[in-house]
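Chemist: Sharing structure_10.csv, CSV, C-alpha atoms:
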chain,number,residue,atom,x,y,z
A,176,MET,CA,-15.8,14.6,11.5
A,177,ARG,CA,-17.0,11.9,13.9
A,178,LEU,CA,-14.6,9.1,14.7
A,179,TYR,CA,-16.2,6.0,16.4
A,180,VAL,CA,-13.8,4.6,19.0
A,181,THR,CA,-13.2,2.4,22.0
A,182,PRO,CA,-10.0,2.3,24.1
A,183,ALA,CA,-9.8,-1.6,23.9
A,184,SER,CA,-9.4,-1.7,20.1
A,185,PRO,CA,-5.9,-1.8,18.6
A,186,TRP,CA,-7.4,-0.8,15.2
A,187,VAL,CA,-8.9,2.3,16.8
A,188,ARG,CA,-5.6,3.0,18.7
A,189,ARG,CA,-3.5,3.1,15.5
A,190,VAL,CA,-5.9,5.7,14.1
A,191,VAL,CA,-5.9,7.8,17.3
A,192,VAL,CA,-2.1,7.6,17.7
A,193,SER,CA,-1.9,8.8,14.0
A,194,ILE,CA,-4.2,11.7,14.8
A,195,LEU,CA,-2.2,12.7,17.9
A,196,GLU,CA,1.1,12.4,16.2
A,197,LEU,CA,-0.1,14.6,13.4
A,198,GLY,CA,-1.4,17.2,15.9
A,199,ILE,CA,-4.9,17.3,14.4
A,200,ARG,CA,-7.0,16.2,17.4
A,201,ASP,CA,-9.2,19.2,17.2
A,202,ARG,CA,-10.6,18.2,13.8
A,203,PHE,CA,-12.4,15.2,15.2
A,204,GLN,CA,-15.2,14.4,17.5
A,205,PHE,CA,-14.5,11.1,19.2
A,206,VAL,CA,-17.7,9.1,19.8
A,207,GLN,CA,-17.3,6.3,22.4
A,208,THR,CA,-19.1,3.1,21.4
A,209,LYS,CA,-20.3,0.4,23.8
A,210,TRP,CA,-20.0,-3.3,23.0
A,211,PRO,CA,-21.4,-6.2,25.0
A,212,HIS,CA,-19.2,-9.3,24.9
A,213,ALA,CA,-21.7,-10.9,22.6
A,214,TRP,CA,-20.1,-8.9,19.8
A,215,ALA,CA,-17.9,-11.9,19.3
A,216,THR,CA,-20.6,-14.0,17.7
A,217,GLN,CA,-23.7,-11.7,17.4
A,218,THR,CA,-24.8,-8.6,15.6
A,219,VAL,CA,-24.9,-5.9,18.3
A,220,ALA,CA,-25.9,-2.3,17.5
A,221,PRO,CA,-25.1,-0.3,20.5
A,222,ASN,CA,-25.8,3.0,18.9
A,223,PRO,CA,-28.4,3.7,16.2
A,224,GLU,CA,-26.4,6.7,14.8
A,225,PHE,CA,-23.3,4.5,14.5
A,226,TRP,CA,-25.3,1.8,12.8
A,227,GLY,CA,-26.5,4.4,10.3
A,228,ALA,CA,-22.9,5.7,9.7
A,229,THR,CA,-21.4,2.3,8.7
A,230,PRO,CA,-22.9,-0.8,7.2
A,231,VAL,CA,-19.9,-2.8,8.4
A,232,VAL,CA,-20.9,-1.9,12.0
A,233,ARG,CA,-17.3,-2.1,13.2
A,234,ILE,CA,-14.8,0.3,14.7
A,235,PRO,CA,-13.0,2.4,13.9
A,236,ALA,CA,-15.2,4.3,11.5
A,237,LEU,CA,-14.7,7.9,10.4
A,238,ALA,CA,-17.8,9.7,9.2
A,239,THR,CA,-17.1,12.9,7.2
A,240,VAL,CA,-19.7,15.1,5.5
A,241,ASP,CA,-19.0,13.4,2.2
A,242,PHE,CA,-18.2,9.7,3.0
A,243,THR,CA,-17.6,7.2,5.7
A,244,LEU,CA,-14.3,5.2,5.9
A,245,THR,CA,-15.0,1.9,7.8
A,246,ASP,CA,-11.6,0.4,8.5
A,247,SER,CA,-8.3,1.6,9.9
A,248,HIS,CA,-6.4,1.1,6.7
A,249,SER,CA,-8.5,3.6,4.7
A,250,ILE,CA,-8.7,6.0,7.6
A,251,CYS,CA,-5.0,6.1,8.1
A,252,ASP,CA,-4.4,6.5,4.4
A,253,TYR,CA,-6.8,9.5,4.5
A,254,LEU,CA,-5.2,11.1,7.5
A,255,ASN,CA,-1.8,10.7,5.9
A,256,GLY,CA,-2.7,12.2,2.6
A,257,GLU,CA,-5.2,14.8,3.6
A,258,PHE,CA,-3.7,16.1,6.8
A,259,GLY,CA,-0.2,14.5,7.2
A,260,ASN,CA,1.6,15.6,4.1
A,261,PHE,CA,2.6,11.9,3.7
A,262,ARG,CA,4.6,12.0,7.0
A,263,LEU,CA,3.1,8.7,8.2
A,264,LEU,CA,3.6,6.9,5.0
A,265,PRO,CA,5.6,8.0,1.9
A,266,ARG,CA,3.4,9.0,-1.1
A,267,ASP,CA,4.8,6.3,-3.4
A,268,GLY,CA,8.0,4.6,-4.3
A,269,VAL,CA,10.1,1.9,-2.6
A,270,ALA,CA,9.9,3.6,0.8
A,271,ARG,CA,6.2,3.3,0.7
A,272,TRP,CA,6.3,-0.4,-0.4
A,273,ARG,CA,8.8,-1.3,2.3
A,274,ALA,CA,6.7,0.5,5.0
A,275,LEU,CA,3.6,-1.4,3.7
A,276,ALA,CA,5.5,-4.7,4.0
A,277,ASN,CA,6.0,-4.0,7.7
A,278,ILE,CA,2.5,-2.7,8.2
A,279,SER,CA,1.1,-5.9,6.6
A,280,VAL,CA,3.0,-8.0,9.1
A,281,ALA,CA,2.0,-5.8,12.1
A,282,ASN,CA,-1.6,-5.9,10.9
A,283,GLY,CA,-1.3,-9.7,10.8
A,284,ILE,CA,-0.6,-9.6,14.5
A,285,ILE,CA,-3.5,-7.3,15.3
A,286,GLU,CA,-5.9,-9.5,13.2
A,287,ALA,CA,-4.7,-12.6,15.1
A,288,GLN,CA,-5.1,-10.8,18.5
A,289,ILE,CA,-8.6,-9.7,17.8
A,290,SER,CA,-9.6,-13.1,16.3
A,291,ARG,CA,-8.2,-14.7,19.4
A,292,ARG,CA,-10.1,-12.3,21.7
A,293,ALA,CA,-13.4,-13.1,19.9
A,294,GLU,CA,-12.7,-16.8,20.2
A,295,LEU,CA,-12.1,-16.5,24.0
A,296,LEU,CA,-15.4,-14.7,24.3
A,297,ARG,CA,-17.3,-17.6,22.8
A,298,SER,CA,-19.2,-20.0,25.0
A,299,GLU,CA,-17.1,-23.1,25.7
A,300,HIS,CA,-19.0,-25.4,23.4
A,301,GLU,CA,-18.4,-23.1,20.4
A,302,ARG,CA,-14.7,-22.4,21.1
A,303,SER,CA,-11.8,-23.9,19.2
A,304,ASN,CA,-8.6,-24.2,21.1
A,305,ASP,CA,-6.9,-25.2,17.8
A,306,PHE,CA,-7.9,-21.8,16.4
A,307,ILE,CA,-6.5,-20.0,19.5
A,308,GLY,CA,-3.2,-21.9,19.0
A,309,LYS,CA,-3.2,-21.0,15.3
A,310,MET,CA,-3.5,-17.3,16.1
A,311,GLN,CA,-0.8,-17.5,18.8
A,312,ASP,CA,1.6,-19.2,16.3
A,313,ARG,CA,0.9,-16.5,13.7
A,314,GLN,CA,1.5,-13.7,16.2
A,315,LEU,CA,4.8,-15.2,17.3
A,316,ARG,CA,6.0,-15.6,13.7
A,317,CYS,CA,5.1,-12.0,13.0
A,318,PHE,CA,6.8,-10.7,16.2
A,319,GLU,CA,10.0,-12.6,15.1
A,320,ALA,CA,9.7,-11.1,11.6
A,321,LEU,CA,9.4,-7.6,12.9
A,322,GLU,CA,12.4,-8.2,15.3
A,323,LYS,CA,14.5,-8.4,12.2
A,324,GLN,CA,13.2,-5.1,10.9
A,325,VAL,CA,14.0,-3.0,14.0
A,326,PRO,CA,17.6,-2.1,13.0
A,327,ALA,CA,16.1,-0.5,9.9
A,328,PHE,CA,13.4,1.5,11.7
A,329,GLY,CA,13.8,5.2,10.8
A,330,ALA,CA,13.7,8.3,13.0
A,331,ILE,CA,10.0,9.1,12.2
A,332,PHE,CA,7.3,7.4,14.3
A,333,ASP,CA,5.5,6.5,11.1
A,334,LEU,CA,2.5,4.3,10.4
A,335,ALA,CA,4.6,1.1,10.3
A,336,GLN,CA,6.1,1.9,13.7
A,337,ILE,CA,2.7,3.0,15.1
A,338,THR,CA,1.0,-0.2,14.0
A,339,THR,CA,3.9,-2.3,15.4
A,340,ALA,CA,3.8,-0.4,18.7
A,341,VAL,CA,0.0,-0.9,18.9
A,342,ALA,CA,0.4,-4.6,18.3
A,343,CYS,CA,3.0,-4.9,21.1
A,344,GLY,CA,0.9,-2.8,23.5
A,345,TYR,CA,-2.2,-4.9,22.9
A,346,GLU,CA,-0.3,-8.1,23.5
A,347,ASP,CA,1.0,-6.8,26.9
A,348,TRP,CA,-2.4,-5.5,27.9
A,349,ARG,CA,-4.7,-8.2,26.8
A,350,TYR,CA,-2.6,-11.4,27.1
A,351,GLY,CA,0.6,-10.6,29.0
A,352,THR,CA,2.4,-13.0,26.6
A,353,ASP,CA,6.2,-13.2,26.8
A,354,TRP,CA,6.8,-12.1,23.2
A,355,ARG,CA,9.8,-10.1,24.4
A,356,ALA,CA,12.0,-13.2,24.7
A,357,ALA,CA,11.6,-13.9,21.0
A,358,ALA,CA,12.0,-10.2,20.0
A,359,PRO,CA,14.3,-8.4,22.4
A,360,LYS,CA,15.3,-5.6,20.1
A,361,LEU,CA,11.6,-5.0,19.4
A,362,ALA,CA,10.9,-5.0,23.1
A,363,ALA,CA,13.6,-2.3,23.8
A,364,TRP,CA,12.3,-0.2,20.9
A,365,PHE,CA,8.7,-0.6,22.2
A,366,ASP,CA,9.7,0.5,25.7
A,367,ALA,CA,11.2,3.6,24.3
A,368,VAL,CA,8.3,4.6,22.0
A,369,SER,CA,5.8,3.8,24.7
A,370,LYS,CA,6.9,7.1,26.4
A,371,ARG,CA,5.6,9.2,23.5
A,372,PRO,CA,2.6,11.4,24.6
A,373,ALA,CA,0.5,9.8,21.8
A,374,MET,CA,1.1,6.3,23.2
A,375,GLN,CA,0.6,7.4,26.8
A,376,ALA,CA,-2.7,9.1,25.9
A,377,THR,CA,-4.1,6.0,24.2
A,378,ARG,CA,-3.2,3.2,26.7
A,379,PRO,CA,-5.7,0.3,26.3
A,380,ALA,CA,-8.7,0.0,28.6
A,381,GLU,CA,-11.8,-2.1,28.6
A,382,THR,CA,-14.7,-1.2,26.4
A,383,PRO,CA,-17.9,0.0,28.2
A,384,GLN,CA,-20.5,-2.7,28.2
A,385,ALA,CA,-23.8,-1.9,26.6
B,365,MET,CA,8.0,-11.5,-8.5
B,366,ARG,CA,6.3,-14.5,-7.0
B,367,LEU,CA,2.6,-14.1,-6.2
B,368,TYR,CA,1.1,-16.9,-4.0
B,369,VAL,CA,-2.5,-17.6,-5.1
B,370,THR,CA,-5.4,-19.9,-5.2
B,371,PRO,CA,-8.6,-19.6,-7.3
B,372,ALA,CA,-10.9,-19.9,-4.3
B,373,SER,CA,-9.7,-16.8,-2.6
B,374,PRO,CA,-11.5,-13.5,-3.2
B,375,TRP,CA,-8.5,-11.6,-1.7
B,376,VAL,CA,-6.3,-13.3,-4.4
B,377,ARG,CA,-8.9,-12.6,-7.1
B,378,ARG,CA,-8.9,-8.8,-6.5
B,379,VAL,CA,-5.1,-8.8,-6.9
B,380,VAL,CA,-5.1,-11.0,-10.0
B,381,VAL,CA,-7.9,-9.0,-11.6
B,382,SER,CA,-5.9,-5.8,-10.9
B,383,ILE,CA,-2.9,-7.3,-12.6
B,384,LEU,CA,-4.9,-8.4,-15.6
B,385,GLU,CA,-6.6,-5.1,-15.9
B,386,LEU,CA,-3.3,-3.3,-15.8
B,387,GLY,CA,-1.9,-5.7,-18.5
B,388,ILE,CA,1.2,-6.6,-16.4
B,389,ARG,CA,0.7,-10.4,-16.1
B,390,ASP,CA,4.1,-11.2,-17.5
B,391,ARG,CA,5.9,-9.6,-14.5
B,392,PHE,CA,4.6,-12.2,-12.1
B,393,GLN,CA,5.1,-15.8,-11.4
B,394,PHE,CA,1.9,-17.2,-10.0
B,395,VAL,CA,2.6,-19.9,-7.4
B,396,GLN,CA,-0.4,-22.1,-6.7
B,397,THR,CA,-0.8,-23.0,-3.0
B,398,LYS,CA,-2.6,-25.9,-1.5
B,399,TRP,CA,-4.7,-25.8,1.7
B,400,PRO,CA,-6.4,-28.6,3.5
B,401,HIS,CA,-9.8,-27.7,5.0
B,402,ALA,CA,-8.1,-27.7,8.4
B,403,TRP,CA,-6.8,-24.1,7.6
B,404,ALA,CA,-10.0,-22.9,9.2
B,405,THR,CA,-8.7,-23.7,12.7
B,406,GLN,CA,-5.1,-25.0,12.4
B,407,THR,CA,-1.7,-23.8,11.2
B,408,VAL,CA,-1.1,-25.4,7.9
B,409,ALA,CA,2.0,-24.9,5.9
B,410,PRO,CA,1.5,-26.4,2.5
B,411,ASN,CA,4.7,-25.1,1.1
B,412,PRO,CA,8.0,-24.5,2.9
B,413,GLU,CA,9.0,-21.8,0.5
B,414,PHE,CA,5.7,-20.0,1.0
B,415,TRP,CA,6.1,-20.3,4.8
B,416,GLY,CA,9.6,-18.6,4.4
B,417,ALA,CA,8.2,-15.8,2.3
B,418,THR,CA,5.5,-14.6,4.7
B,419,PRO,CA,5.2,-14.9,8.5
B,420,VAL,CA,1.5,-14.3,8.2
B,421,VAL,CA,1.2,-17.5,6.1
B,422,ARG,CA,-1.8,-16.3,4.3
B,423,ILE,CA,-2.6,-15.5,0.7
B,424,PRO,CA,-2.3,-13.5,-1.3
B,425,ALA,CA,1.4,-12.7,-0.7
B,426,LEU,CA,3.7,-11.0,-3.1
B,427,ALA,CA,7.4,-11.7,-2.7
B,428,THR,CA,9.7,-9.2,-4.5
B,429,VAL,CA,13.5,-9.1,-4.3
B,430,ASP,CA,13.3,-6.4,-1.7
B,431,PHE,CA,10.2,-7.1,0.4
B,432,THR,CA,7.1,-9.2,0.8
B,433,LEU,CA,3.6,-7.7,0.9
B,434,THR,CA,1.3,-10.1,2.8
B,435,ASP,CA,-2.2,-8.8,2.3
B,436,SER,CA,-4.3,-7.7,-0.7
B,437,HIS,CA,-4.5,-4.1,0.4
B,438,SER,CA,-0.8,-3.4,0.3
B,439,ILE,CA,-0.4,-5.5,-2.9
B,440,CYS,CA,-3.1,-3.5,-4.7
B,441,ASP,CA,-1.6,-0.2,-3.5
B,442,TYR,CA,1.8,-1.3,-4.8
B,443,LEU,CA,0.4,-2.4,-8.2
B,444,ASN,CA,-1.5,0.8,-8.5
B,445,GLY,CA,1.5,3.1,-7.7
B,446,GLU,CA,4.3,1.2,-9.2
B,447,PHE,CA,2.8,-0.2,-12.4
B,448,GLY,CA,-0.7,1.4,-12.8
B,449,ASN,CA,0.0,5.1,-12.9
B,450,PHE,CA,-2.8,5.4,-10.3
B,451,ARG,CA,-5.4,4.2,-12.7
B,452,LEU,CA,-6.9,1.7,-10.1
B,453,LEU,CA,-7.1,4.3,-7.3
B,454,PRO,CA,-6.4,8.0,-7.5
B,455,ARG,CA,-3.1,9.1,-6.0
B,456,ASP,CA,-4.8,11.4,-3.4
B,457,GLY,CA,-7.6,13.9,-2.9
B,458,VAL,CA,-11.3,13.3,-2.5
B,459,ALA,CA,-11.6,10.9,-5.4
B,460,ARG,CA,-9.2,8.6,-3.5
B,461,TRP,CA,-11.1,8.9,-0.2
B,462,ARG,CA,-14.5,8.3,-1.9
B,463,ALA,CA,-13.0,5.2,-3.6
B,464,LEU,CA,-11.6,4.0,-0.3
B,465,ALA,CA,-15.0,4.4,1.3
B,466,ASN,CA,-16.5,2.0,-1.2
B,467,ILE,CA,-13.5,-0.3,-0.9
B,468,SER,CA,-13.8,-0.5,2.8
B,469,VAL,CA,-17.5,-1.6,2.5
B,470,ALA,CA,-16.7,-4.2,-0.2
B,471,ASN,CA,-13.8,-5.5,1.9
B,472,GLY,CA,-16.3,-5.8,4.8
B,473,ILE,CA,-18.3,-8.2,2.6
B,474,ILE,CA,-15.2,-10.3,1.7
B,475,GLU,CA,-14.1,-10.5,5.3
B,476,ALA,CA,-17.5,-11.7,6.3
B,477,GLN,CA,-17.5,-14.2,3.4
B,478,ILE,CA,-14.2,-15.7,4.5
B,479,SER,CA,-15.0,-15.7,8.2
B,480,ARG,CA,-18.3,-17.5,7.4
B,481,ARG,CA,-16.4,-20.0,5.2
B,482,ALA,CA,-14.0,-20.7,8.0
B,483,GLU,CA,-16.9,-21.2,10.4
B,484,LEU,CA,-18.6,-23.7,8.1
B,485,LEU,CA,-15.4,-25.7,7.9
B,486,ARG,CA,-15.3,-26.1,11.7
B,487,SER,CA,-16.3,-29.3,13.3
B,488,GLU,CA,-19.9,-29.1,14.5
B,489,HIS,CA,-19.1,-28.8,18.2
B,490,GLU,CA,-16.9,-25.8,17.6
B,491,ARG,CA,-19.3,-24.0,15.2
B,492,SER,CA,-21.3,-20.9,16.1
B,493,ASN,CA,-24.5,-20.5,14.1
B,494,ASP,CA,-24.9,-17.1,15.7
B,495,PHE,CA,-21.6,-16.1,14.1
B,496,ILE,CA,-22.6,-17.3,10.7
B,497,GLY,CA,-25.8,-15.2,11.1
B,498,LYS,CA,-23.8,-12.2,12.1
B,499,MET,CA,-21.7,-12.5,9.0
B,500,GLN,CA,-24.7,-12.9,6.8
B,501,ASP,CA,-26.3,-9.8,8.3
B,502,ARG,CA,-23.1,-7.8,7.7
B,503,GLN,CA,-22.9,-8.9,4.1
B,504,LEU,CA,-26.5,-8.0,3.4
B,505,ARG,CA,-26.1,-4.5,4.9
B,506,CYS,CA,-23.0,-3.9,2.9
B,507,PHE,CA,-24.6,-5.1,-0.4
B,508,GLU,CA,-27.4,-2.7,0.3
B,509,ALA,CA,-24.9,0.1,0.9
B,510,LEU,CA,-23.1,-0.6,-2.3
B,511,GLU,CA,-26.4,-0.7,-4.2
B,512,LYS,CA,-26.8,3.0,-3.4
B,513,GLN,CA,-23.3,3.7,-4.9
B,514,VAL,CA,-23.9,2.1,-8.2
B,515,PRO,CA,-25.3,5.2,-10.0
B,516,ALA,CA,-22.0,7.0,-9.1
B,517,PHE,CA,-19.7,4.2,-10.4
B,518,GLY,CA,-17.4,5.7,-13.0
B,519,ALA,CA,-16.3,4.4,-16.4
B,520,ILE,CA,-13.0,3.0,-15.2
B,521,PHE,CA,-13.1,-0.6,-13.7
B,522,ASP,CA,-11.0,0.6,-10.7
B,523,LEU,CA,-10.1,-1.0,-7.4
B,524,ALA,CA,-13.4,-0.1,-5.8
B,525,GLN,CA,-15.3,-1.7,-8.7
B,526,ILE,CA,-12.9,-4.7,-8.8
B,527,THR,CA,-13.4,-5.4,-5.1
B,528,THR,CA,-17.1,-5.0,-5.3
B,529,ALA,CA,-17.3,-7.4,-8.3
B,530,VAL,CA,-15.1,-10.0,-6.5
B,531,ALA,CA,-17.5,-9.8,-3.5
B,532,CYS,CA,-20.5,-10.4,-5.7
B,533,GLY,CA,-18.8,-13.2,-7.6
B,534,TYR,CA,-17.7,-15.0,-4.4
B,535,GLU,CA,-21.2,-14.8,-3.0
B,536,ASP,CA,-22.6,-16.4,-6.1
B,537,TRP,CA,-20.0,-19.1,-6.3
B,538,ARG,CA,-19.7,-20.1,-2.7
B,539,TYR,CA,-23.1,-19.5,-1.2
B,540,GLY,CA,-25.6,-18.9,-4.0
B,541,THR,CA,-27.3,-16.3,-1.8
B,542,ASP,CA,-30.1,-14.2,-3.2
B,543,TRP,CA,-28.3,-10.8,-2.7
B,544,ARG,CA,-29.7,-9.6,-6.0
B,545,ALA,CA,-33.2,-9.0,-4.7
B,546,ALA,CA,-31.8,-6.5,-2.2
B,547,ALA,CA,-29.4,-4.9,-4.7
B,548,PRO,CA,-30.9,-5.1,-8.3
B,549,LYS,CA,-28.8,-2.2,-9.7
B,550,LEU,CA,-25.6,-3.8,-8.3
B,551,ALA,CA,-26.7,-7.2,-9.8
B,552,ALA,CA,-27.2,-5.6,-13.3
B,553,TRP,CA,-23.8,-3.9,-13.1
B,554,PHE,CA,-22.1,-7.1,-11.9
B,555,ASP,CA,-23.6,-9.1,-14.8
B,556,ALA,CA,-22.1,-6.5,-17.2
B,557,VAL,CA,-18.6,-6.4,-15.7
B,558,SER,CA,-18.5,-10.1,-15.3
B,559,LYS,CA,-18.0,-10.3,-19.1
B,560,ARG,CA,-14.6,-8.5,-18.8
B,561,PRO,CA,-11.7,-10.8,-19.8
B,562,ALA,CA,-10.1,-10.3,-16.4
B,563,MET,CA,-13.2,-11.4,-14.6
B,564,GLN,CA,-13.7,-14.4,-16.9
B,565,ALA,CA,-10.1,-15.5,-16.5
B,566,THR,CA,-10.4,-15.5,-12.7
B,567,ARG,CA,-13.6,-17.3,-12.1
B,568,PRO,CA,-13.6,-19.0,-8.6
B,569,ALA,CA,-12.7,-22.6,-8.3
B,570,GLU,CA,-11.9,-24.9,-5.3
B,571,THR,CA,-8.4,-24.8,-3.8
B,572,PRO,CA,-6.3,-27.9,-4.3
B,573,GLN,CA,-6.3,-30.0,-1.1
B,574,ALA,CA,-2.8,-30.6,0.4
Show me the file's structure as structure tokens.
Modeler:
Amino acid sequence: MRLYVTPASPWVRRVVVSILELGIRDRFQFVQTKWPHAWATQTVAPNPEFWGATPVVRIPALATVDFTLTDSHSICDYLNGEFGNFRLLPRDGVARWRALANISVANGIIEAQISRRAELLRSEHERSNDFIGKMQDRQLRCFEALEKQVPAFGAIFDLAQITTAVACGYEDWRYGTDWRAAAPKLAAWFDAVSKRPAMQATRPAETPQA
Amino acid sequence: MRLYVTPASPWVRRVVVSILELGIRDRFQFVQTKWPHAWATQTVAPNPEFWGATPVVRIPALATVDFTLTDSHSICDYLNGEFGNFRLLPRDGVARWRALANISVANGIIEAQISRRAELLRSEHERSNDFIGKMQDRQLRCFEALEKQVPAFGAIFDLAQITTAVACGYEDWRYGTDWRAAAPKLAAWFDAVSKRPAMQATRPAETPQA
């Protein structure tokens, strides 16, 4: 299977951390993609093979012999069910729904982070500072909401925890925002899980320019 | 359970169609939300109770006694597993992954549609015509990709078909684009499924302004 990646993407990171945590790295060929900063507003197709693999032209994308999954939600669901014996996310029942509740909030942070990044890459006359503020407001509300969930985090570094950790890590790397003051328990938890080999091996880095 | 809705949102529509197709409408209280057009770039909180229910402050959101699910992916997963006996999406195995592959492409259309809508609601000096073009390109590629999947669509109006139909319906309603020329089989299929009571009962309409 070919997984299209870049080290700057938090959506890619949650997939790669899931793969490393499940110990199935050898099943995947990672294909590094290149993205000029123009991706924020323009169609860029850095790799013809990648363009052929996914009509969404976005990463992560996982191309198997049978099908292509073109977002991290479906890829993580596949990893969990096909290779993970439902260790990352319970198969069903209230434990799954509670995990999805946290995942949907952590995803809300990541969406806001990426939307904010795309906005900052726009030329000044197409940029909305209001929009950047809206994304910052959303992120802060979501960090505060996850702060309340930390005492209930279980022993398994599951998809809810992975997604939350990736959101924290991207915020530190890309923006250096002081989210820790609003979420001290989350910060302490994040510092601890950051030491895991899967987190260390996936530290964010800039995407190669096309 | 309280489901926060508006008839203009395709993300809401895929949830509501799922509920109607499963015949479980009586389990939900639908709460209409109001959104001024400023939502495109500003934090708007039309309803204090809604704001309290979800830190993402976005619809759809489903608030149960135990937890809140704040995106359509997690809500549909919950409906399917808790009330649908996995009729909308197989529980696991290759049938689930193939359905998720189509869902991820249809979701790519809906994301592009909503991003394009938000862009059009911006003031002119903050608007990027390049970005609108990028979204149109993505939608067209995804419609063409789904066109190839139509012959393999099964007899059940499942989540992949629901999401695809909602994407087609939003395009007709909001933009009136001629996607049908590029996807004639998809258009014929859409015209047929549009007659279903669940689709008729959820035809798009403008959101009430705050």
Chemist: For Arg480 of chain B, please output as a ChimeraX atom specification all residues within 8 Å (counting all atoms listed in the file; exclusion window: fewer than 6 positions along the same chain).
Modeler: /B:495-496,499-500
Chemist: Counting all atoms listed in the file, note down every residue that has an atom within 10 Å of the point (6.8, -10.9, -4.8) (file coordinates), as a ChimeraX atom specification.
Modeler: /B:365-368,391-394,417,425-434,439
Chemist: Could you tell me which residues of chain B sit within 9 Å of chain A when counting only C-alpha atoms, and give me the result as a PyMOL selection string?
Modeler: chain B and resi 404-408+418-421+430-435+437-439+441-442+445-446+455-458+460-462+464-469+472-473+486+488-499+501-509
Chemist: If we count all atoms listed in the file and set the cut-off at 9 Å, which residues sit around Glu385 of chain B, ignoring sequence neighbours fewer than 2 positions away in its own chain? Please answer as number ranges by chain.
Modeler: B: 380-383, 387-388, 452, 521-522, 561-562
Chemist: One decimal, Å: what's the distance from atom CA of Ala270 of chain A over to atom CA of Leu334 of chain A, could you say?
Modeler: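 Separating atom CA of Ala270 of chain A from atom CA of Leu334 of chain A is a distance of 12.1 Å.
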Chemist: So which one's closest to Pro548 of chain B, B:Leu484, B:Val514, B:Ala529, B:Ile520? Using all atoms listed in the file, please.
Modeler: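 So, comparing all the options, the nearest one is B:Val514.
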Chemist: Mind pulling up the distance from atom CA of Gly533 of chain B to atom CA of Ala552 of chain B?
Modeler: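 Spanning atom CA of Ala552 of chain B to atom CA of Gly533 of chain B is a straight-line distance of 12.7 Å.
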Chemist: What gap, in Å, lies between atom CA of Tyr534 of chain B and atom CA of Glu570 of chain B?
Modeler: 11.5 Å
Chemist: Name all residues at most 8 Å from Glu322 of chain A (count all atoms listed in the file; drop same-chain ones fewer than 6 positions away) and give them as a PyMOL selection string.
Modeler: chain A and resi 358-361
Chemist: Suppose we keep C-alpha atoms; can you now write the selection as a tab-separated table (two decimals), in the frame of the given file?
Modeler:
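Output below, filename out37.tsv:
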chain	number	residue	atom	x	y	z
A	358	ALA	CA	12.00	-10.20	20.00
A	359	PRO	CA	14.30	-8.40	22.40
A	360	LYS	CA	15.30	-5.60	20.10
A	361	LEU	CA	11.60	-5.00	19.40
Chemist: Find the residue from A:Arg189, A:Lys370, A:Lys323, A:Arg292 that sits nearest to Tyr350 of chain A; use all atoms listed in the file when measuring.
Modeler: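 Ranking A:Arg189, A:Lys370, A:Lys323, A:Arg292 by distance to Tyr350 of chain A, first place goes to A:Arg292.
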